[in-house]
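Content type compact mmCIF, C-alpha atoms, from the file protein_14.txt:
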```txt
# COMPACT_ATOMS: atom_id res chain seq x y z
CA MET A 1151 119.03 104.71 83.39
CA THR A 1152 118.40 105.08 79.68
CA THR A 1153 118.92 107.67 76.99
CA GLU A 1154 115.25 107.45 76.05
CA LYS A 1155 113.14 109.96 77.94
CA LEU A 1156 109.54 108.84 78.11
CA THR A 1157 106.45 110.92 78.78
CA ILE A 1158 104.22 109.36 81.42
CA GLY A 1159 100.84 110.90 82.18
CA ILE A 1160 98.70 110.16 85.23
CA VAL A 1161 95.00 111.06 85.09
CA ILE A 1162 93.68 112.67 88.27
CA PHE A 1163 90.10 113.50 89.19
CA PRO A 1164 88.29 114.58 92.38
CA GLY A 1165 88.27 111.77 94.93
CA PHE A 1166 91.28 109.86 93.61
CA ALA A 1167 93.13 107.73 96.17
CA GLY A 1168 96.47 109.34 97.03
CA LEU A 1169 98.53 106.17 97.07
CA ASP A 1170 97.01 105.01 93.74
CA VAL A 1171 98.67 108.06 92.19
CA VAL A 1172 101.84 108.50 94.20
CA GLY A 1173 102.90 104.84 94.39
CA PRO A 1174 103.30 104.60 90.60
CA HIS A 1175 104.54 108.21 90.42
CA GLU A 1176 107.37 107.49 92.87
CA VAL A 1177 108.42 104.37 90.95
CA LEU A 1178 108.06 105.72 87.41
CA ALA A 1179 109.65 109.13 88.09
CA ARG A 1180 112.82 107.29 89.06
CA THR A 1181 113.20 106.10 85.45
CA GLY A 1182 114.05 109.69 84.53
CA SER A 1183 110.81 110.00 82.58
CA ARG A 1184 108.86 113.21 82.21
CA MET A 1185 105.96 112.83 84.64
CA LEU A 1186 102.70 114.71 84.13
CA LEU A 1187 99.59 114.86 86.26
CA MET A 1188 96.69 115.46 83.89
CA ALA A 1189 93.23 116.72 84.85
CA ARG A 1190 90.21 118.52 83.46
CA THR A 1191 91.78 121.86 84.41
CA THR A 1192 95.04 122.85 86.06
CA GLU A 1193 93.27 123.81 89.28
CA ALA A 1194 94.26 121.75 92.34
CA VAL A 1195 92.45 118.41 92.62
CA ALA A 1196 91.55 116.93 96.01
CA SER A 1197 91.98 113.24 96.76
CA ASN A 1198 89.36 111.34 98.68
CA ASP A 1199 91.18 112.25 101.89
CA ARG A 1200 91.80 115.87 100.92
CA LEU A 1201 95.35 115.64 99.66
CA LEU A 1202 95.62 118.57 97.23
CA LEU A 1203 97.64 117.94 94.08
CA ILE A 1204 98.27 120.49 91.34
CA PRO A 1205 97.97 119.06 87.81
CA ASP A 1206 100.75 119.80 85.34
CA VAL A 1207 98.48 120.03 82.33
CA ASP A 1208 94.81 119.89 81.40
CA PHE A 1209 93.43 117.16 79.15
CA ASP A 1210 93.31 119.44 76.10
CA HIS A 1211 96.99 120.32 76.38
CA ALA A 1212 98.43 116.93 77.31
CA PRO A 1213 101.26 115.92 74.96
CA PRO A 1214 101.46 112.48 73.33
CA LEU A 1215 102.07 109.87 75.99
CA ASP A 1216 104.32 106.83 76.11
CA VAL A 1217 102.50 105.61 79.19
CA LEU A 1218 98.98 106.39 80.41
CA VAL A 1219 98.33 105.77 84.12
CA VAL A 1220 94.77 105.60 85.45
CA PRO A 1221 94.39 105.50 89.23
CA GLY A 1222 91.23 104.77 91.20
CA GLY A 1223 89.68 105.81 94.47
CA PRO A 1224 86.16 106.66 95.65
CA GLY A 1225 85.93 109.40 93.01
CA GLN A 1226 85.97 106.67 90.35
CA THR A 1227 82.20 106.28 90.75
CA ALA A 1228 81.48 109.84 89.63
CA ALA A 1229 84.21 109.68 86.98
CA MET A 1230 82.43 106.73 85.31
CA ASP A 1231 79.71 109.13 84.14
CA ASP A 1232 82.09 111.90 83.16
CA SER A 1233 82.33 111.70 79.37
CA THR A 1234 85.31 114.06 79.26
CA ILE A 1235 87.43 111.79 81.45
CA ILE A 1236 86.26 108.57 79.82
CA SER A 1237 86.84 109.91 76.29
CA PHE A 1238 90.29 111.17 77.26
CA ILE A 1239 91.19 107.75 78.68
CA ARG A 1240 89.86 105.97 75.58
CA GLU A 1241 91.81 108.19 73.17
CA ARG A 1242 95.05 108.23 75.08
CA ALA A 1243 94.98 104.49 75.81
CA ALA A 1244 94.72 103.88 72.07
CA SER A 1245 97.86 105.86 71.29
CA ALA A 1246 100.07 105.16 74.33
CA ARG A 1247 102.70 102.43 74.20
CA TYR A 1248 101.61 101.15 77.59
CA VAL A 1249 98.64 101.60 79.89
CA LEU A 1250 98.74 101.14 83.68
CA GLY A 1251 95.48 100.81 85.62
CA VAL A 1252 95.57 100.90 89.41
CA CYS A 1253 92.83 99.74 91.77
CA THR A 1254 89.40 100.96 90.61
CA GLY A 1255 91.16 102.90 87.87
CA THR A 1256 90.73 99.64 85.98
CA LEU A 1257 86.96 100.21 86.10
CA LEU A 1258 87.54 103.51 84.31
CA LEU A 1259 89.57 101.63 81.69
CA ALA A 1260 86.65 99.18 81.39
CA GLN A 1261 84.14 102.01 81.02
CA ALA A 1262 86.30 103.40 78.22
CA GLY A 1263 86.35 100.01 76.52
CA VAL A 1264 90.10 99.61 76.97
CA VAL A 1265 89.98 96.24 78.75
CA THR A 1266 86.85 94.76 77.15
CA GLY A 1267 87.40 91.00 76.86
CA ARG A 1268 90.87 91.37 78.33
CA ARG A 1269 92.42 89.95 81.48
CA ALA A 1270 92.63 92.69 84.10
CA THR A 1271 92.61 93.18 87.87
CA THR A 1272 91.25 95.75 90.33
CA HIS A 1273 90.64 96.17 94.05
CA TRP A 1274 89.31 92.92 95.54
CA LEU A 1275 86.03 94.66 96.40
CA ALA A 1276 85.51 95.59 92.72
CA GLN A 1277 86.36 92.34 90.91
CA GLN A 1278 82.70 91.53 90.22
CA GLU A 1279 82.04 95.04 88.97
CA LEU A 1280 85.02 94.75 86.63
CA ALA A 1281 83.60 91.53 85.18
CA ARG A 1282 80.18 93.16 84.84
CA LEU A 1283 81.85 95.92 82.80
CA GLY A 1284 83.14 93.38 80.31
CA ALA A 1285 86.69 92.57 81.35
CA LEU A 1286 88.03 89.12 82.23
CA ALA A 1287 88.51 89.89 85.90
CA VAL A 1288 91.53 88.04 87.33
CA PRO A 1289 92.00 88.45 91.08
CA ASP A 1290 95.80 88.65 90.92
CA ARG A 1291 97.95 91.49 92.21
CA VAL A 1292 99.43 92.38 88.81
CA VAL A 1293 97.87 91.30 85.51
CA TRP A 1294 99.23 91.84 81.98
CA SER A 1295 97.24 91.83 78.76
CA ASP A 1296 99.44 92.82 75.82
CA ASN A 1297 100.51 96.41 76.55
CA ILE A 1298 98.09 96.90 79.45
CA VAL A 1299 99.12 96.21 83.04
CA THR A 1300 96.68 96.48 85.90
CA GLY A 1301 97.21 96.36 89.65
CA ALA A 1302 94.87 95.30 92.45
CA GLY A 1303 93.88 97.58 95.35
CA VAL A 1304 95.65 100.87 96.17
CA SER A 1305 99.12 99.70 97.26
CA ALA A 1306 99.35 97.30 94.29
CA GLY A 1307 100.12 100.30 92.10
CA ILE A 1308 103.70 100.05 93.40
CA ASP A 1309 104.02 96.42 92.30
CA ALA A 1310 102.37 97.09 88.93
CA ALA A 1311 104.58 100.12 88.27
CA LEU A 1312 107.70 98.10 89.06
CA ALA A 1313 106.50 95.40 86.65
CA LEU A 1314 106.05 98.10 84.01
CA VAL A 1315 109.59 99.41 84.61
CA GLU A 1316 110.92 95.93 83.93
CA ARG A 1317 108.98 95.76 80.65
CA LEU A 1318 109.81 99.34 79.57
CA PHE A 1319 113.47 99.29 80.53
CA SER A 1320 115.08 96.21 82.09
CA ARG A 1321 115.15 93.83 85.00
CA GLU A 1322 118.08 95.82 86.38
CA ALA A 1323 116.16 99.10 86.22
CA CYS A 1324 113.36 97.47 88.18
CA GLU A 1325 115.78 96.08 90.78
CA LEU A 1326 117.52 99.44 91.19
CA ILE A 1327 114.27 101.28 91.82
CA GLN A 1328 113.02 98.60 94.18
CA LEU A 1329 116.29 98.94 96.13
CA ALA A 1330 116.18 102.75 96.04
CA ILE A 1331 112.68 102.86 97.52
CA GLU A 1332 113.61 99.98 99.85
CA TYR A 1333 110.55 98.04 98.76
CA ASP A 1334 111.11 95.11 101.06
CA PRO A 1335 107.65 95.07 102.62
CA GLN A 1336 106.99 93.67 106.08
CA PRO A 1337 103.27 94.23 106.63
CA PRO A 1338 102.40 94.08 110.32
CA THR A 1339 99.50 91.63 109.84
CA ASP A 1340 98.48 88.98 107.34
CA ALA A 1341 95.21 90.80 106.62
CA GLY A 1342 96.28 92.38 103.32
CA HIS A 1343 94.26 89.99 101.15
CA PRO A 1344 90.66 88.80 101.61
CA SER A 1345 91.75 85.17 101.30
CA ARG A 1346 93.72 85.48 104.53
CA ALA A 1347 92.02 88.29 106.49
CA ARG A 1348 89.53 87.33 109.18
CA PRO A 1349 86.12 86.77 107.51
CA GLU A 1350 84.38 89.28 109.77
CA LEU A 1351 86.78 91.99 108.58
CA VAL A 1352 86.20 91.06 104.94
CA ASP A 1353 82.45 91.23 105.55
CA LYS A 1354 82.75 94.58 107.29
CA LEU A 1355 84.52 96.16 104.32
CA LYS A 1356 82.12 94.50 101.86
CA ARG A 1357 79.11 95.92 103.65
CA GLY A 1358 80.65 99.40 103.62
CA SER A 1359 81.75 99.19 100.00
CA ARG A 1360 80.21 101.21 97.19
CA PHE A 1361 80.18 97.98 95.17
CA HIS A 1362 78.08 96.12 97.73
CA GLU A 1363 74.77 94.96 96.28
CA ARG A 1364 72.01 95.85 98.66
CA PRO A 1365 68.91 93.68 98.76
CA GLY A 1366 65.76 95.02 97.12
CA MET B 229 86.72 103.30 113.68
CA THR B 230 86.83 105.24 116.93
CA THR B 231 85.02 108.14 118.46
CA GLU B 232 88.33 109.87 119.12
CA LYS B 233 89.32 112.17 116.27
CA LEU B 234 93.05 112.74 116.22
CA THR B 235 94.99 115.54 114.55
CA ILE B 236 97.90 114.23 112.50
CA GLY B 237 100.34 116.67 110.93
CA ILE B 238 102.86 115.86 108.20
CA VAL B 239 105.77 118.25 107.67
CA ILE B 240 106.54 118.94 104.01
CA PHE B 241 109.49 120.83 102.54
CA PRO B 242 110.92 121.29 99.02
CA GLY B 243 112.37 118.04 97.71
CA PHE B 244 110.38 115.66 99.90
CA ALA B 245 109.87 112.17 98.50
CA GLY B 246 106.23 111.74 97.41
CA LEU B 247 105.76 108.24 98.74
CA ASP B 248 107.35 109.18 102.10
CA VAL B 249 104.39 111.55 102.54
CA VAL B 250 101.55 109.79 100.80
CA GLY B 251 102.18 106.25 102.08
CA PRO B 252 101.59 107.30 105.71
CA HIS B 253 98.89 109.79 104.64
CA GLU B 254 96.88 107.07 102.89
CA VAL B 255 97.11 104.78 105.93
CA LEU B 256 96.55 107.37 108.66
CA ALA B 257 93.71 109.23 106.91
CA ARG B 258 91.74 105.98 106.97
CA THR B 259 91.59 106.18 110.77
CA GLY B 260 89.21 109.12 110.35
CA SER B 261 91.80 111.48 111.77
CA ARG B 262 92.15 115.10 110.75
CA MET B 263 95.13 115.13 108.38
CA LEU B 264 97.20 118.28 107.87
CA LEU B 265 100.13 118.94 105.58
CA MET B 266 102.24 121.57 107.28
CA ALA B 267 104.89 123.73 105.62
CA ARG B 268 106.72 127.04 105.97
CA THR B 269 103.97 128.74 103.97
CA THR B 270 100.73 127.54 102.37
CA GLU B 271 102.21 127.89 98.88
CA ALA B 272 102.48 124.64 96.91
CA VAL B 273 105.56 122.56 97.75
CA ALA B 274 107.31 120.47 95.09
CA SER B 275 108.57 116.98 95.80
CA ASN B 276 111.92 115.83 94.50
CA ASP B 277 110.18 114.61 91.35
CA ARG B 278 107.95 117.67 90.96
CA LEU B 279 104.77 116.41 92.53
CA LEU B 280 103.06 119.61 93.72
CA LEU B 281 101.22 119.40 97.04
CA ILE B 282 99.32 122.25 98.66
CA PRO B 283 99.90 122.50 102.43
CA ASP B 284 96.86 122.85 104.67
CA VAL B 285 98.54 125.13 107.17
CA ASP B 286 101.81 126.96 107.76
CA PHE B 287 104.02 126.14 110.74
CA ASP B 288 102.88 129.20 112.69
CA HIS B 289 99.21 128.24 112.42
CA ALA B 290 99.47 124.49 112.95
CA PRO B 291 97.16 123.31 115.74
CA PRO B 292 98.31 121.01 118.57
CA LEU B 293 99.14 117.60 117.13
CA ASP B 294 98.44 114.12 118.36
CA VAL B 295 100.88 112.72 115.81
CA LEU B 296 103.81 114.43 114.08
CA VAL B 297 104.98 112.82 110.83
CA VAL B 298 108.37 113.72 109.35
CA PRO B 299 109.08 112.39 105.85
CA GLY B 300 112.41 112.43 104.03
CA GLY B 301 113.64 112.72 100.48
CA PRO B 302 116.53 114.49 98.76
CA GLY B 303 115.34 117.83 100.17
CA GLN B 304 116.23 116.57 103.64
CA THR B 305 119.83 117.72 103.09
CA ALA B 306 118.82 121.37 102.72
CA ALA B 307 116.22 121.06 105.47
CA MET B 308 118.93 120.02 107.98
CA ASP B 309 120.24 123.61 107.91
CA ASP B 310 116.82 125.23 107.99
CA SER B 311 116.36 126.36 111.58
CA THR B 312 112.64 127.07 111.06
CA ILE B 313 111.92 123.48 110.08
CA ILE B 314 114.21 121.93 112.68
CA SER B 315 112.80 124.10 115.50
CA PHE B 316 109.25 123.27 114.45
CA ILE B 317 110.04 119.55 114.47
CA ARG B 318 111.73 119.83 117.89
CA GLU B 319 108.81 121.71 119.45
CA ARG B 320 106.05 119.61 117.95
CA ALA B 321 107.78 116.30 118.66
CA ALA B 322 107.97 117.32 122.33
CA SER B 323 104.22 117.88 122.59
CA ALA B 324 102.81 115.21 120.24
CA ARG B 325 101.62 111.90 121.63
CA TYR B 326 103.45 110.03 118.86
CA VAL B 327 106.12 110.84 116.33
CA LEU B 328 106.57 109.00 113.02
CA GLY B 329 109.80 109.41 111.04
CA VAL B 330 110.01 108.02 107.51
CA CYS B 331 113.19 107.38 105.52
CA THR B 332 115.64 110.30 105.84
CA GLY B 333 112.98 112.17 107.80
CA THR B 334 114.60 110.37 110.74
CA LEU B 335 117.75 112.42 110.07
CA LEU B 336 115.65 115.56 110.54
CA LEU B 337 114.41 114.10 113.83
CA ALA B 338 118.05 113.46 114.77
CA GLN B 339 119.08 117.00 113.84
CA ALA B 340 116.26 118.26 116.09
CA GLY B 341 117.55 116.08 118.95
CA VAL B 342 114.39 113.97 118.99
CA VAL B 343 116.11 110.60 118.60
CA THR B 344 119.40 111.32 120.35
CA GLY B 345 120.52 108.11 122.09
CA ARG B 346 117.37 106.36 120.88
CA ARG B 347 116.87 103.36 118.64
CA ALA B 348 115.73 104.53 115.21
CA THR B 349 115.87 103.55 111.55
CA THR B 350 116.19 105.31 108.20
CA HIS B 351 116.90 104.54 104.53
CA TRP B 352 119.62 101.89 104.26
CA LEU B 353 121.89 104.43 102.54
CA ALA B 354 121.61 106.78 105.54
CA GLN B 355 122.11 104.42 108.50
CA GLN B 356 125.69 105.59 109.12
CA GLU B 357 124.65 109.23 108.89
CA LEU B 358 121.89 108.58 111.44
CA ALA B 359 124.43 107.09 113.85
CA ARG B 360 126.78 110.03 113.27
CA LEU B 361 123.90 112.33 114.27
CA GLY B 362 123.61 110.62 117.64
CA ALA B 363 120.86 108.02 117.28
CA LEU B 364 121.23 104.30 117.88
CA ALA B 365 120.79 103.34 114.24
CA VAL B 366 119.00 99.99 113.88
CA PRO B 367 118.74 98.71 110.30
CA ASP B 368 115.23 97.30 110.70
CA ARG B 369 112.18 98.24 108.64
CA VAL B 370 110.17 99.59 111.58
CA VAL B 371 111.74 100.63 114.90
CA TRP B 372 109.99 101.78 118.07
CA SER B 373 111.48 103.83 120.87
CA ASP B 374 108.82 104.80 123.41
CA ASN B 375 106.38 107.02 121.49
CA ILE B 376 108.60 107.37 118.43
CA VAL B 377 108.29 105.02 115.47
CA THR B 378 110.63 105.22 112.51
CA GLY B 379 110.53 103.51 109.13
CA ALA B 380 113.32 102.60 106.73
CA GLY B 381 113.49 103.83 103.12
CA VAL B 382 110.56 105.45 101.28
CA SER B 383 108.04 102.58 101.02
CA ALA B 384 108.61 101.63 104.68
CA GLY B 385 106.42 104.57 105.66
CA ILE B 386 103.44 102.35 104.87
CA ASP B 387 104.62 99.64 107.26
CA ALA B 388 105.52 102.15 109.98
CA ALA B 389 102.17 103.94 109.66
CA LEU B 390 100.30 100.64 109.96
CA ALA B 391 102.33 99.84 113.08
CA LEU B 392 101.33 103.23 114.46
CA VAL B 393 97.65 102.56 113.74
CA GLU B 394 97.89 99.38 115.79
CA ARG B 395 99.42 101.30 118.71
CA LEU B 396 97.04 104.29 118.45
CA PHE B 397 93.84 102.31 117.90
CA SER B 398 93.86 98.51 117.76
CA ARG B 399 95.10 95.45 115.96
CA GLU B 400 91.73 95.28 114.20
CA ALA B 401 92.02 98.86 112.96
CA CYS B 402 95.41 98.00 111.50
CA GLU B 403 94.06 94.85 109.84
CA LEU B 404 91.09 96.70 108.35
CA ILE B 405 93.28 99.38 106.80
CA GLN B 406 95.75 96.83 105.51
CA LEU B 407 92.85 94.97 103.87
CA ALA B 408 91.29 98.18 102.52
CA ILE B 409 94.53 99.23 100.79
CA GLU B 410 95.14 95.59 99.80
CA TYR B 411 98.63 95.72 101.28
CA ASP B 412 99.60 92.22 100.28
CA PRO B 413 102.85 93.08 98.55
CA GLN B 414 104.35 90.94 95.82
CA PRO B 415 107.48 92.80 94.77
CA PRO B 416 108.68 91.66 91.35
CA THR B 417 112.28 91.10 92.45
CA ASP B 418 114.13 90.28 95.65
CA ALA B 419 116.21 93.46 95.36
CA GLY B 420 114.28 95.53 97.91
CA HIS B 421 116.93 95.23 100.63
CA PRO B 422 120.71 95.66 100.32
CA SER B 423 121.27 92.33 102.06
CA ARG B 424 119.66 90.51 99.14
CA ALA B 425 120.15 92.82 96.13
CA ARG B 426 123.04 92.11 93.79
CA PRO B 427 126.21 93.74 95.24
CA GLU B 428 126.87 95.72 92.05
CA LEU B 429 123.45 97.35 92.36
CA VAL B 430 124.04 98.20 96.03
CA ASP B 431 127.39 99.71 95.06
CA LYS B 432 125.84 101.69 92.24
CA LEU B 433 123.29 103.33 94.54
CA LYS B 434 125.95 103.91 97.22
CA ARG B 435 128.20 105.72 94.77
CA GLY B 436 125.30 107.92 93.64
CA SER B 437 124.10 108.63 97.16
CA ARG B 438 124.35 112.03 98.84
CA PHE B 439 125.59 110.12 101.92
CA HIS B 440 128.50 108.54 100.04
CA GLU B 441 131.83 109.57 101.52
CA ARG B 442 134.10 110.62 98.72
CA PRO B 443 137.84 110.17 99.13
CA GLY B 444 139.94 113.28 99.87
```
What do you get writing this file as structure tokens?
Amino acid sequence: MTTEKLTIGIVIFPGFAGLDVVGPHEVLARTGSRMLLMARTTEAVASNDRLLLIPDVDFDHAPPLDVLVVPGGPGQTAAMDDSTIISFIRERAASARYVLGVCTGTLLLAQAGVVTGRRATTHWLAQQELARLGALAVPDRVVWSDNIVTGAGVSAGIDAALALVERLFSREACELIQLAIEYDPQPPTDAGHPSRARPELVDKLKRGSRFHERPG
Amino acid sequence: MTTEKLTIGIVIFPGFAGLDVVGPHEVLARTGSRMLLMARTTEAVASNDRLLLIPDVDFDHAPPLDVLVVPGGPGQTAAMDDSTIISFIRERAASARYVLGVCTGTLLLAQAGVVTGRRATTHWLAQQELARLGALAVPDRVVWSDNIVTGAGVSAGIDAALALVERLFSREACELIQLAIEYDPQPPTDAGHPSRARPELVDKLKRGSRFHERPG
């Protein structure tokens, strides 16, 4: 769809959420870009639900990136304290043309200082945590701040990646990929957002969340 | 979300589409079920865009399944002539409680005789091919026929998997997972379905499709 071949790197770490990675991967690979999964080593990395992905390259050998993608998932909590991952994100975000944060991947961007004082979004359960980490948390599905685009929870990585395709290439490129992956969603219920889900379901997920503040 | 732990197996083969696999995996794993990627061997299998997944089990060692999931992708064409894969699908579909076909995975179900004379859907580019293979091709996003649910192109695996969660467990289980993955889609364009995409874009994908009938 273009003569320019971009290099797009996705950071993976133990406990990533599968769809956070593969939603953007499916969309961005269709631009003809070189796609790389990047991790601490090239050993297989397990998602939160035991999907085993093999990285293409370790952090030390990752080439210069046009786009850095940072997914989230339950493993984000441990990754926050992993200076290797956070330093890698900080360095590569500074040199990439664009940065895409998905779900709680945006918290990793915040930890690395990439979205400090910037508008950004994350999973609805983590919006307060994102603000606490210094970003201007905006509870929208896709949020732009200069060359940084962030998506809300899990499935929003598809929407954010499509928005990035439009910015990187063209409206037509975005339309073609949306048509190719038949992204014409018809969710079975209206519970996809906390503003419309039944309050007891929102409460149930809040209570079970790792971002839930427990009394005492 | 239930005391019943199901075993859900997803067939993978070279050239699968990543999102065909991981969309349903993300949704179905959240039911607490045992998720298994099943392939000819336990060597890593590459998707069409070189995502490398490690299978959990080979076909010969796959346990009895409550749910069989069959994804599609460009590798579906070669898989149609692979008697090992087609026989495995035929046998496991006959004994599973439910079968989920995603995208051109439904063509594999058709080749195995699983949807012969049944209502089923597939990627919009493959609807005619599905009919030619003996199914009653219905161009809807999610189609049920008894215990078989099929989804349209690529991203429709998310919708079809959520529909399956409702049938397997409950409406509430479906709502909770939809809320947890924040499946509140806001596609950037209206091009996700051929009925609304610009005709020149539909034509462009048709001409590039492996299902396009070339003159002569």
### Task
Could you list the residues in chain B lying within 7 Å of chain A, using all atoms listed in the file, and format the result as a VMD selection string?
chain B and resid 246 to 247 250 to 251 254 257 277 280 to 282 381 to 384 387 390 to 391 403 to 404 406 to 407 409 to 417 419 to 422 429
I want to know what sits within 10 Å of A:Pro1289, based on all atoms listed in the file, with residues of the same chain fewer than 5 positions away left out; could you give that as a compact mmCIF listing (two decimals) with C-alpha atoms, in the coordinates of the input?
```
# COMPACT_ATOMS: atom_id res chain seq x y z
CA ARG A 1269 92.42 89.95 81.48
CA ALA A 1270 92.63 92.69 84.10
CA THR A 1271 92.61 93.18 87.87
CA THR A 1272 91.25 95.75 90.33
CA HIS A 1273 90.64 96.17 94.05
CA TRP A 1274 89.31 92.92 95.54
CA ALA A 1276 85.51 95.59 92.72
CA GLN A 1277 86.36 92.34 90.91
CA GLN A 1278 82.70 91.53 90.22
CA GLY A 1301 97.21 96.36 89.65
CA ALA A 1302 94.87 95.30 92.45
```
### Task
Identify which of the residues B:Asp368, B:Tyr326, B:Ala290, B:Leu396 lies closest to B:Thr270, counting all atoms listed in the file when measuring atom-to-atom distances.
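Nearest candidate to B:Thr270 out of B:Asp368, B:Tyr326, B:Ala290, B:Leu396: B:Ala290.
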Taking every listed atom of stretch 1342-1354 of chain A and adding 4 Å to each side, what centre and edge lengths in Å (one decimal) does the axis-aligned box have, as lines of an AutoDock Vina configuration file?
```
center_x = 89.4
center_y = 89.9
center_z = 105.5
size_x = 21.8
size_y = 17.4
size_z = 16.6
```
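One distance worth recording is that between atom CA of B:Ala359 and atom CA of B:Ala338, which is 9.1 Å.
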